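This is coords-v5.pdb. It holds PDB, C-alpha atoms and all ligand atoms.
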ATOM      1  CA  MET R  20       5.211 -18.083  -8.342  1.00  0.00           C
ATOM      2  CA  ARG R  21       7.409 -19.694  -5.708  1.00  0.00           C
ATOM      3  CA  LEU R  22       8.662 -23.183  -6.384  1.00  0.00           C
ATOM      4  CA  VAL R  23      10.982 -25.733  -4.860  1.00  0.00           C
ATOM      5  CA  LEU R  24      12.574 -28.589  -6.765  1.00  0.00           C
ATOM      6  CA  ILE R  25      13.210 -31.873  -4.993  1.00  0.00           C
ATOM      7  CA  GLY R  26      15.094 -34.838  -6.391  1.00  0.00           C
ATOM      8  CA  ALA R  27      18.149 -37.027  -6.042  1.00  0.00           C
ATOM      9  CA  PRO R  28      21.473 -35.647  -7.285  1.00  0.00           C
ATOM     10  CA  ALA R  29      21.513 -35.629 -11.108  1.00  0.00           C
ATOM     11  CA  ALA R  30      17.724 -36.082 -11.343  1.00  0.00           C
ATOM     12  CA  GLY R  31      17.682 -32.983 -13.562  1.00  0.00           C
ATOM     13  CA  LYS R  32      16.691 -30.241 -11.104  1.00  0.00           C
ATOM     14  CA  GLY R  33      19.120 -27.665 -12.483  1.00  0.00           C
ATOM     15  CA  THR R  34      18.285 -28.448 -16.112  1.00  0.00           C
ATOM     16  CA  GLN R  35      14.559 -28.117 -15.467  1.00  0.00           C
ATOM     17  CA  ALA R  36      14.969 -24.995 -13.343  1.00  0.00           C
ATOM     18  CA  ARG R  37      16.722 -23.242 -16.222  1.00  0.00           C
ATOM     19  CA  LYS R  38      13.796 -23.994 -18.521  1.00  0.00           C
ATOM     20  CA  LEU R  39      11.236 -22.820 -15.971  1.00  0.00           C
ATOM     21  CA  ILE R  40      12.926 -19.497 -15.210  1.00  0.00           C
ATOM     22  CA  ASP R  41      12.768 -18.574 -18.919  1.00  0.00           C
ATOM     23  CA  ARG R  42       9.146 -19.551 -19.166  1.00  0.00           C
ATOM     24  CA  PHE R  43       7.873 -17.916 -15.984  1.00  0.00           C
ATOM     25  CA  GLN R  44      10.434 -15.104 -15.484  1.00  0.00           C
ATOM     26  CA  LEU R  45      11.520 -16.333 -12.066  1.00  0.00           C
ATOM     27  CA  ALA R  46      14.737 -15.896 -10.117  1.00  0.00           C
ATOM     28  CA  TYR R  47      16.884 -19.038 -10.006  1.00  0.00           C
ATOM     29  CA  ILE R  48      18.386 -19.921  -6.660  1.00  0.00           C
ATOM     30  CA  SER R  49      20.709 -22.904  -6.427  1.00  0.00           C
ATOM     31  CA  THR R  50      22.154 -23.309  -2.951  1.00  0.00           C
ATOM     32  CA  GLY R  51      24.760 -25.702  -4.402  1.00  0.00           C
ATOM     33  CA  ASP R  52      25.923 -23.033  -6.896  1.00  0.00           C
ATOM     34  CA  MET R  53      26.012 -20.427  -4.130  1.00  0.00           C
ATOM     35  CA  LEU R  54      28.111 -22.683  -1.923  1.00  0.00           C
ATOM     36  CA  ARG R  55      30.493 -23.614  -4.775  1.00  0.00           C
ATOM     37  CA  GLU R  56      30.985 -19.894  -5.428  1.00  0.00           C
ATOM     38  CA  GLU R  57      31.899 -19.392  -1.757  1.00  0.00           C
ATOM     39  CA  VAL R  58      34.322 -22.331  -1.917  1.00  0.00           C
ATOM     40  CA  SER R  59      36.024 -20.995  -5.051  1.00  0.00           C
ATOM     41  CA  ARG R  60      36.356 -17.532  -3.494  1.00  0.00           C
ATOM     42  CA  GLY R  61      37.846 -19.098  -0.365  1.00  0.00           C
ATOM     43  CA  THR R  62      35.482 -17.252   1.982  1.00  0.00           C
ATOM     44  CA  GLU R  63      34.985 -18.297   5.608  1.00  0.00           C
ATOM     45  CA  LEU R  64      31.660 -19.865   4.665  1.00  0.00           C
ATOM     46  CA  GLY R  65      33.242 -21.634   1.691  1.00  0.00           C
ATOM     47  CA  ASN R  66      35.990 -23.056   3.860  1.00  0.00           C
ATOM     48  CA  LYS R  67      33.418 -24.359   6.329  1.00  0.00           C
ATOM     49  CA  ALA R  68      31.355 -26.003   3.559  1.00  0.00           C
ATOM     50  CA  LYS R  69      34.184 -27.411   1.421  1.00  0.00           C
ATOM     51  CA  SER R  70      34.918 -30.752   3.070  1.00  0.00           C
ATOM     52  CA  VAL R  71      31.308 -31.637   3.851  1.00  0.00           C
ATOM     53  CA  MET R  72      30.343 -30.931   0.231  1.00  0.00           C
ATOM     54  CA  ALA R  73      33.197 -33.039  -1.124  1.00  0.00           C
ATOM     55  CA  SER R  74      32.168 -35.980   1.058  1.00  0.00           C
ATOM     56  CA  GLY R  75      28.510 -35.836   0.003  1.00  0.00           C
ATOM     57  CA  GLY R  76      27.066 -34.621   3.307  1.00  0.00           C
ATOM     58  CA  LEU R  77      24.995 -31.540   4.025  1.00  0.00           C
ATOM     59  CA  VAL R  78      26.156 -28.198   5.378  1.00  0.00           C
ATOM     60  CA  SER R  79      24.395 -27.124   8.560  1.00  0.00           C
ATOM     61  CA  ASP R  80      20.740 -26.125   8.463  1.00  0.00           C
ATOM     62  CA  GLU R  81      21.519 -22.908  10.309  1.00  0.00           C
ATOM     63  CA  LEU R  82      24.058 -21.793   7.758  1.00  0.00           C
ATOM     64  CA  ILE R  83      22.054 -22.584   4.652  1.00  0.00           C
ATOM     65  CA  ILE R  84      18.805 -21.158   6.073  1.00  0.00           C
ATOM     66  CA  ALA R  85      20.559 -17.839   6.745  1.00  0.00           C
ATOM     67  CA  ILE R  86      21.865 -17.729   3.152  1.00  0.00           C
ATOM     68  CA  VAL R  87      18.436 -18.445   1.632  1.00  0.00           C
ATOM     69  CA  ASN R  88      16.668 -16.010   3.941  1.00  0.00           C
ATOM     70  CA  GLU R  89      18.921 -13.213   2.664  1.00  0.00           C
ATOM     71  CA  ARG R  90      18.773 -14.287  -0.968  1.00  0.00           C
ATOM     72  CA  ILE R  91      14.974 -14.398  -1.321  1.00  0.00           C
ATOM     73  CA  LYS R  92      14.712 -10.826  -0.044  1.00  0.00           C
ATOM     74  CA  GLN R  93      16.570  -9.537  -3.087  1.00  0.00           C
ATOM     75  CA  ASP R  94      14.753  -7.558  -5.782  1.00  0.00           C
ATOM     76  CA  ASP R  95      14.927 -10.217  -8.483  1.00  0.00           C
ATOM     77  CA  CYS R  96      12.814 -12.541  -6.311  1.00  0.00           C
ATOM     78  CA  LYS R  97       9.813 -10.177  -6.226  1.00  0.00           C
ATOM     79  CA  ASN R  98       8.148 -11.932  -9.173  1.00  0.00           C
ATOM     80  CA  GLY R  99       8.869 -15.319  -7.634  1.00  0.00           C
ATOM     81  CA  PHE R 100      11.705 -17.836  -7.604  1.00  0.00           C
ATOM     82  CA  ILE R 101      12.750 -21.431  -8.044  1.00  0.00           C
ATOM     83  CA  LEU R 102      14.766 -23.010  -5.298  1.00  0.00           C
ATOM     84  CA  ASP R 103      17.028 -25.802  -6.553  1.00  0.00           C
ATOM     85  CA  GLY R 104      18.617 -27.822  -3.760  1.00  0.00           C
ATOM     86  CA  PHE R 105      16.754 -26.156  -0.907  1.00  0.00           C
ATOM     87  CA  PRO R 106      15.134 -27.321   1.288  1.00  0.00           C
ATOM     88  CA  ARG R 107      17.028 -30.557   1.817  1.00  0.00           C
ATOM     89  CA  THR R 108      15.856 -31.327   5.349  1.00  0.00           C
ATOM     90  CA  THR R 109      12.549 -31.037   7.195  1.00  0.00           C
ATOM     91  CA  VAL R 110      14.020 -28.309   9.401  1.00  0.00           C
ATOM     92  CA  GLN R 111      14.880 -26.286   6.280  1.00  0.00           C
ATOM     93  CA  ALA R 112      11.367 -26.833   4.880  1.00  0.00           C
ATOM     94  CA  GLU R 113       9.758 -25.659   8.123  1.00  0.00           C
ATOM     95  CA  LYS R 114      11.904 -22.538   8.192  1.00  0.00           C
ATOM     96  CA  LEU R 115      11.101 -21.827   4.542  1.00  0.00           C
ATOM     97  CA  ASP R 116       7.393 -22.052   5.357  1.00  0.00           C
ATOM     98  CA  GLU R 117       7.946 -19.368   7.978  1.00  0.00           C
ATOM     99  CA  MET R 118       9.630 -17.145   5.373  1.00  0.00           C
ATOM    100  CA  VAL R 119       7.235 -17.488   2.381  1.00  0.00           C
ATOM    101  CA  LYS R 120       4.172 -19.294   1.075  1.00  0.00           C
ATOM    102  CA  LEU R 121       5.124 -21.802  -1.613  1.00  0.00           C
ATOM    103  CA  ASP R 122       2.949 -22.511  -4.648  1.00  0.00           C
ATOM    104  CA  LYS R 123       4.369 -25.874  -5.666  1.00  0.00           C
ATOM    105  CA  ALA R 124       6.992 -28.460  -4.768  1.00  0.00           C
ATOM    106  CA  VAL R 125       8.111 -30.391  -7.837  1.00  0.00           C
ATOM    107  CA  TYR R 126       9.591 -33.816  -7.166  1.00  0.00           C
ATOM    108  CA  ILE R 127      11.657 -35.305  -9.990  1.00  0.00           C
ATOM    109  CA  ASN R 128      11.669 -39.002  -9.182  1.00  0.00           C
ATOM    110  CA  ALA R 129      14.477 -41.173 -10.566  1.00  0.00           C
ATOM    111  CA  PRO R 130      16.191 -44.458  -9.587  1.00  0.00           C
ATOM    112  CA  ASP R 131      19.570 -44.555  -7.835  1.00  0.00           C
ATOM    113  CA  ASP R 132      21.451 -46.748 -10.316  1.00  0.00           C
ATOM    114  CA  ILE R 133      20.689 -44.421 -13.213  1.00  0.00           C
ATOM    115  CA  MET R 134      21.483 -41.359 -11.077  1.00  0.00           C
ATOM    116  CA  LEU R 135      24.881 -42.798 -10.243  1.00  0.00           C
ATOM    117  CA  GLU R 136      25.609 -43.288 -13.943  1.00  0.00           C
ATOM    118  CA  ARG R 137      24.511 -39.729 -14.647  1.00  0.00           C
ATOM    119  CA  ILE R 138      26.589 -38.293 -11.796  1.00  0.00           C
ATOM    120  CA  THR R 139      29.837 -39.828 -13.026  1.00  0.00           C
ATOM    121  CA  ALA R 140      29.156 -38.792 -16.650  1.00  0.00           C
ATOM    122  CA  ARG R 141      28.200 -35.221 -15.749  1.00  0.00           C
ATOM    123  CA  GLU R 142      30.124 -32.185 -16.936  1.00  0.00           C
ATOM    124  CA  THR R 143      29.416 -28.760 -15.503  1.00  0.00           C
ATOM    125  CA  CYS R 144      30.239 -25.235 -16.557  1.00  0.00           C
ATOM    126  CA  PRO R 145      32.162 -23.547 -13.735  1.00  0.00           C
ATOM    127  CA  LYS R 146      31.143 -20.115 -15.086  1.00  0.00           C
ATOM    128  CA  CYS R 147      27.375 -20.260 -15.735  1.00  0.00           C
ATOM    129  CA  GLY R 148      26.481 -23.524 -13.974  1.00  0.00           C
ATOM    130  CA  ALA R 149      24.981 -25.250 -17.045  1.00  0.00           C
ATOM    131  CA  SER R 150      25.075 -29.013 -16.774  1.00  0.00           C
ATOM    132  CA  TYR R 151      25.757 -31.647 -19.455  1.00  0.00           C
ATOM    133  CA  ASN R 152      26.119 -35.394 -19.614  1.00  0.00           C
ATOM    134  CA  LYS R 153      28.773 -37.060 -21.747  1.00  0.00           C
ATOM    135  CA  ILE R 154      26.334 -39.854 -22.651  1.00  0.00           C
ATOM    136  CA  SER R 155      22.781 -38.503 -22.600  1.00  0.00           C
ATOM    137  CA  LEU R 156      23.125 -34.736 -22.940  1.00  0.00           C
ATOM    138  CA  PRO R 157      26.509 -33.836 -24.468  1.00  0.00           C
ATOM    139  CA  SER R 158      27.543 -30.250 -25.206  1.00  0.00           C
ATOM    140  CA  LYS R 159      27.604 -29.393 -28.931  1.00  0.00           C
ATOM    141  CA  LYS R 160      31.389 -29.046 -28.884  1.00  0.00           C
ATOM    142  CA  ALA R 161      33.122 -31.584 -26.613  1.00  0.00           C
ATOM    143  CA  GLY R 162      34.253 -30.032 -23.338  1.00  0.00           C
ATOM    144  CA  ILE R 163      32.870 -26.545 -24.135  1.00  0.00           C
ATOM    145  CA  CYS R 164      29.756 -24.934 -22.613  1.00  0.00           C
ATOM    146  CA  ASP R 165      27.007 -24.291 -25.226  1.00  0.00           C
ATOM    147  CA  VAL R 166      25.744 -21.292 -23.242  1.00  0.00           C
ATOM    148  CA  CYS R 167      28.882 -19.308 -22.456  1.00  0.00           C
ATOM    149  CA  GLY R 168      31.834 -21.023 -24.202  1.00  0.00           C
ATOM    150  CA  GLU R 169      33.706 -21.820 -20.980  1.00  0.00           C
ATOM    151  CA  GLY R 170      35.641 -25.107 -20.644  1.00  0.00           C
ATOM    152  CA  LEU R 171      33.568 -27.772 -18.866  1.00  0.00           C
ATOM    153  CA  THR R 172      34.774 -29.483 -15.702  1.00  0.00           C
ATOM    154  CA  GLN R 173      33.711 -32.343 -13.451  1.00  0.00           C
ATOM    155  CA  ARG R 174      32.381 -31.327 -10.043  1.00  0.00           C
ATOM    156  CA  LYS R 175      34.535 -32.591  -7.159  1.00  0.00           C
ATOM    157  CA  ASP R 176      31.514 -34.401  -5.716  1.00  0.00           C
ATOM    158  CA  ASP R 177      30.564 -36.072  -9.016  1.00  0.00           C
ATOM    159  CA  THR R 178      32.746 -39.106  -8.308  1.00  0.00           C
ATOM    160  CA  LEU R 179      31.400 -42.620  -7.719  1.00  0.00           C
ATOM    161  CA  GLU R 180      32.201 -42.509  -4.003  1.00  0.00           C
ATOM    162  CA  ALA R 181      30.790 -39.044  -3.298  1.00  0.00           C
ATOM    163  CA  GLY R 182      27.835 -39.796  -5.587  1.00  0.00           C
ATOM    164  CA  LYS R 183      26.890 -42.836  -3.515  1.00  0.00           C
ATOM    165  CA  ALA R 184      27.142 -40.776  -0.330  1.00  0.00           C
ATOM    166  CA  ARG R 185      24.984 -38.001  -1.826  1.00  0.00           C
ATOM    167  CA  LEU R 186      22.308 -40.507  -2.833  1.00  0.00           C
ATOM    168  CA  ALA R 187      22.303 -41.939   0.700  1.00  0.00           C
ATOM    169  CA  THR R 188      22.049 -38.413   2.122  1.00  0.00           C
ATOM    170  CA  PHE R 189      19.138 -37.722  -0.214  1.00  0.00           C
ATOM    171  CA  HIS R 190      17.195 -40.785   0.963  1.00  0.00           C
ATOM    172  CA  GLU R 191      17.884 -40.161   4.640  1.00  0.00           C
ATOM    173  CA  GLN R 192      17.435 -36.407   4.857  1.00  0.00           C
ATOM    174  CA  SER R 193      15.611 -35.088   1.802  1.00  0.00           C
ATOM    175  CA  GLU R 194      13.173 -37.782   0.677  1.00  0.00           C
ATOM    176  CA  PRO R 195      10.867 -37.149   3.690  1.00  0.00           C
ATOM    177  CA  LEU R 196      10.116 -33.786   2.052  1.00  0.00           C
ATOM    178  CA  VAL R 197       8.013 -35.612  -0.527  1.00  0.00           C
ATOM    179  CA  GLU R 198       5.531 -36.571   2.222  1.00  0.00           C
ATOM    180  CA  TYR R 199       5.902 -33.158   3.828  1.00  0.00           C
ATOM    181  CA  TYR R 200       4.707 -31.356   0.689  1.00  0.00           C
ATOM    182  CA  LYS R 201       2.182 -34.058  -0.184  1.00  0.00           C
ATOM    183  CA  LYS R 202       0.490 -33.356   3.161  1.00  0.00           C
ATOM    184  CA  GLN R 203       0.400 -29.656   2.280  1.00  0.00           C
ATOM    185  CA  GLY R 204      -1.278 -30.538  -1.030  1.00  0.00           C
ATOM    186  CA  ILE R 205       1.345 -28.787  -3.161  1.00  0.00           C
ATOM    187  CA  LEU R 206       3.423 -31.743  -4.373  1.00  0.00           C
ATOM    188  CA  PHE R 207       3.739 -32.500  -8.086  1.00  0.00           C
ATOM    189  CA  GLU R 208       5.680 -35.651  -8.918  1.00  0.00           C
ATOM    190  CA  VAL R 209       7.197 -36.246 -12.339  1.00  0.00           C
ATOM    191  CA  ASP R 210       9.070 -39.240 -13.711  1.00  0.00           C
ATOM    192  CA  GLY R 211      12.717 -38.201 -14.079  1.00  0.00           C
ATOM    193  CA  MET R 212      13.344 -41.018 -16.531  1.00  0.00           C
ATOM    194  CA  LEU R 213      11.355 -39.212 -19.205  1.00  0.00           C
ATOM    195  CA  GLY R 214      13.362 -37.067 -21.608  1.00  0.00           C
ATOM    196  CA  VAL R 215      14.317 -33.513 -20.622  1.00  0.00           C
ATOM    197  CA  GLU R 216      11.633 -31.979 -22.876  1.00  0.00           C
ATOM    198  CA  GLU R 217       8.908 -34.331 -21.640  1.00  0.00           C
ATOM    199  CA  VAL R 218       9.724 -33.604 -18.013  1.00  0.00           C
ATOM    200  CA  SER R 219       9.606 -29.855 -18.594  1.00  0.00           C
ATOM    201  CA  LYS R 220       6.355 -30.134 -20.573  1.00  0.00           C
ATOM    202  CA  ALA R 221       4.741 -32.020 -17.675  1.00  0.00           C
ATOM    203  CA  ILE R 222       5.931 -29.471 -15.108  1.00  0.00           C
ATOM    204  CA  ILE R 223       4.869 -26.478 -17.218  1.00  0.00           C
ATOM    205  CA  ALA R 224       1.414 -28.016 -17.813  1.00  0.00           C
ATOM    206  CA  GLU R 225       0.973 -28.500 -14.061  1.00  0.00           C
ATOM    207  CA  LEU R 226       2.101 -24.957 -13.269  1.00  0.00           C
ATOM    208  CA  GLU R 227      -0.168 -23.454 -15.902  1.00  0.00           C
ATOM    209  CA  ALA R 228      -3.205 -25.524 -14.860  1.00  0.00           C
TER     210      ALA R 228
HETATM  211  P1  LIG X 301      23.901 -29.417  -5.316  1.00  0.00           P
HETATM  212  O1  LIG X 301      24.620 -28.575  -6.316  1.00  0.00           O
HETATM  213  O2  LIG X 301      22.479 -28.961  -5.089  1.00  0.00           O
HETATM  214  O3  LIG X 301      23.996 -30.890  -5.612  1.00  0.00           O
HETATM  215  O4  LIG X 301      24.637 -29.185  -3.920  1.00  0.00           O
HETATM  216  C1  LIG X 301      25.984 -29.531  -3.726  1.00  0.00           C
HETATM  217  C2  LIG X 301      26.288 -29.726  -2.265  1.00  0.00           C
HETATM  218  O5  LIG X 301      26.085 -28.473  -1.566  1.00  0.00           O
HETATM  219  C3  LIG X 301      25.410 -30.717  -1.527  1.00  0.00           C
HETATM  220  O6  LIG X 301      25.833 -32.061  -1.718  1.00  0.00           O
HETATM  221  C4  LIG X 301      25.554 -30.236  -0.093  1.00  0.00           C
HETATM  222  O7  LIG X 301      26.786 -30.608   0.469  1.00  0.00           O
HETATM  223  C5  LIG X 301      25.569 -28.722  -0.260  1.00  0.00           C
HETATM  224  N1  LIG X 301      24.204 -28.162  -0.197  1.00  0.00           N
HETATM  225  C6  LIG X 301      23.499 -27.584  -1.206  1.00  0.00           C
HETATM  226  N2  LIG X 301      22.283 -27.223  -0.798  1.00  0.00           N
HETATM  227  C7  LIG X 301      22.191 -27.576   0.505  1.00  0.00           C
HETATM  228  C8  LIG X 301      21.161 -27.509   1.494  1.00  0.00           C
HETATM  229  N3  LIG X 301      19.961 -26.985   1.212  1.00  0.00           N
HETATM  230  N4  LIG X 301      21.440 -27.983   2.726  1.00  0.00           N
HETATM  231  C9  LIG X 301      22.633 -28.481   3.040  1.00  0.00           C
HETATM  232  N5  LIG X 301      23.640 -28.622   2.165  1.00  0.00           N
HETATM  233  C10 LIG X 301      23.426 -28.167   0.897  1.00  0.00           C
END
Starting from the coordinates I provided, produce the structure as C-alpha cells.
Amino acid sequence: MRLVLIGAPAAGKGTQARKLIDRFQLAYISTGDMLREEVSRGTELGNKAKSVMASGGLVSDELIIAIVNERIKQDDCKNGFILDGFPRTTVQAEKLDEMVKLDKAVYINAPDDIMLERITARETCPKCGASYNKISLPSKKAGICDVCGEGLTQRKDDTLEAGKARLATFHEQSEPLVEYYKKQGILFEVDGMLGVEEVSKAIIAELEA
C-alpha cells in the first residue's frame, strides 16, 4: 500500500503515520524529519534548507523530489510506504505520480486557530521524531520521550510566527492537493478535530474497506 498524508502543520500527520506503519507494516517517510536530520548534520543540503525551514517556507521542488525519488527505491519500501509531508505542491504530486501509483491520499482536515495552538504547545523528540503536545497529548514523564527516553525539545519552526507562515504556505501551496487527489478518486478526508484514536480508526477502516 502506498499512501500520502496531507494536512496543515500539527494536524496529526506524524502521529497517525506512526499508527498506520505498525498496522500495515509500511515504511515511514517524513521529508521534514529527513531535512531536519540533514540540518543537524550540517550537510550541504541541510545548510540550503535551514533558513527556509525556519521561516516556514518550502524547500525547492527539485531538491525534495530528488530525495524522495531515492528514498522510495530502498528495500524497506517494497511492501509500501506512507509519505508524511510530501507532496506539498502540485509539481511534487505530479512527479510522484510519475514515480509510483498511489492507493490513497488521506487528508486530515483541521482549522487554523486550533493548529496554531497545537504548534506552539508541541514537543518533539529529536531522536525518534515522536511528537507530543503539552496540553492535549503530554508525554508520560514531563519533557521525556515515552518511546525512547530522550529529552523533548521544541522545533525551531514551532513558534507563533513561523507557525503562521507555515499555515499560510499550506493554504497557498499544499491545499490544492486535496482537489488534485479528489479528481483522481483516491482522496479520503477525515476530521482532524476528532481524538487521535478516532482519527486512526476512521483511516484504518477506509484502508481496510
Ligand atoms: P514538516 O516536518 O513536515 O512540518 O516539515 C518541516 C519543514 O520542512 C517544512 O516547513 C518545509 O520547510 C520543509 N519540507 C518538508 N517537506 C517538504 C516538501 N515536501 N516540500 C518542501 N519543503 C518541505
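The neighbours of Asp132 in chain R here are the residues that come within 12 Å of it, using only C-alpha atoms and leaving out any residue fewer than 4 positions away in the same chain; they are Ala27, Pro28, Ala29, Ala30, Glu136, Arg137, Ile138, Thr139, Leu179, Gly182, Lys183, Leu186 and Met212 of chain R.
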Report task. Expand the PyMOL selection byres (((not hetatm)) within 9 of (chain X and resi 301)) into the individual residues it matches in the shown file, reporting them as number ranges by chain. Result -> R: 27-29, 32-33, 49-55, 68-80, 82-84, 87, 103-108, 111, 176, 181-182, 184-185, 188-189
Report task. For CA of Ala140 in chain R and CA of Asp177 in chain R, determine how far apart the two atoms are, in Å to one decimal place. Result ->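 We find that CA of Ala140 in chain R and CA of Asp177 in chain R lie 8.2 Å from each other.
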Query raised in the report: Between R:Pro130, R:Gly26, R:Gly148, R:Gly31, which is the closest to Glu56 in chain R once you count only C-alpha atoms?
Result: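 Of the candidates, the smallest distance to Glu56 in chain R is held by R:Gly148.
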Report summary line: For Ile223 in chain R, the closest of R:Val119, R:Ala46, R:Val125, R:Ala187 counting all atoms listed in the file is R:Val125
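Ranking R:Pro195, R:Gly211, R:Gly162, R:Gly170 by their shortest atom-to-atom distance to Asn128 in chain R, with all atoms listed in the file included, puts R:Gly211 first.
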How big is the axis-aligned box, and where does its centre sit, when it encloses all atoms of range 134-140 of chain R listed in the file and has 4 Å added on every side, reported in Å to one decimal as lines of an AutoDock Vina configuration file?
center_x = 25.7
center_y = -40.8
center_z = -13.4
size_x = 16.4
size_y = 13.0
size_z = 14.4
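Put simply, CA of Thr143 in chain R is 15.8 Å away from CA of Val58 in chain R.
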Requested in this report: May I ask which of the residues R:Phe43, R:Ala112, R:Ala228, R:Lys146 is the closest one to Gln192 in chain R, counting all atoms listed in the file?
Outcome: R:Ala112
**Report entry** Pairwise distance for CA of Leu171 in chain R and CA of Cys144 in chain R, rounded to one decimal in Å
**Finding:**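 Interatomic distance, CA of Leu171 in chain R to CA of Cys144 in chain R: 4.8 Å.
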Report task. Give me the residues within 10 Å of Leu39 in chain R as a VMD selection string, counting all atoms listed in the file and dropping any in the same chain fewer than 2 places off. Result -> chain R and resid 22 33 to 37 41 to 47 100 to 101 219 to 220 222 to 223 226
Query - Which of R:Met134, R:Leu156, R:Leu115, R:Cys164 sits closest to Glu81 in chain R [using all atoms listed in the file] - result: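 For Glu81 in chain R, the nearest of the candidates is R:Leu115.
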Requested in this report: Compare R:Leu135, R:Glu142, R:Glu180, R:Cys147 by their minimum atom-to-atom distance to Cys167 in chain R, counting all atoms listed in the file, and give me the closest one.
Outcome: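 Selected residue with least distance to Cys167 in chain R: R:Cys147.
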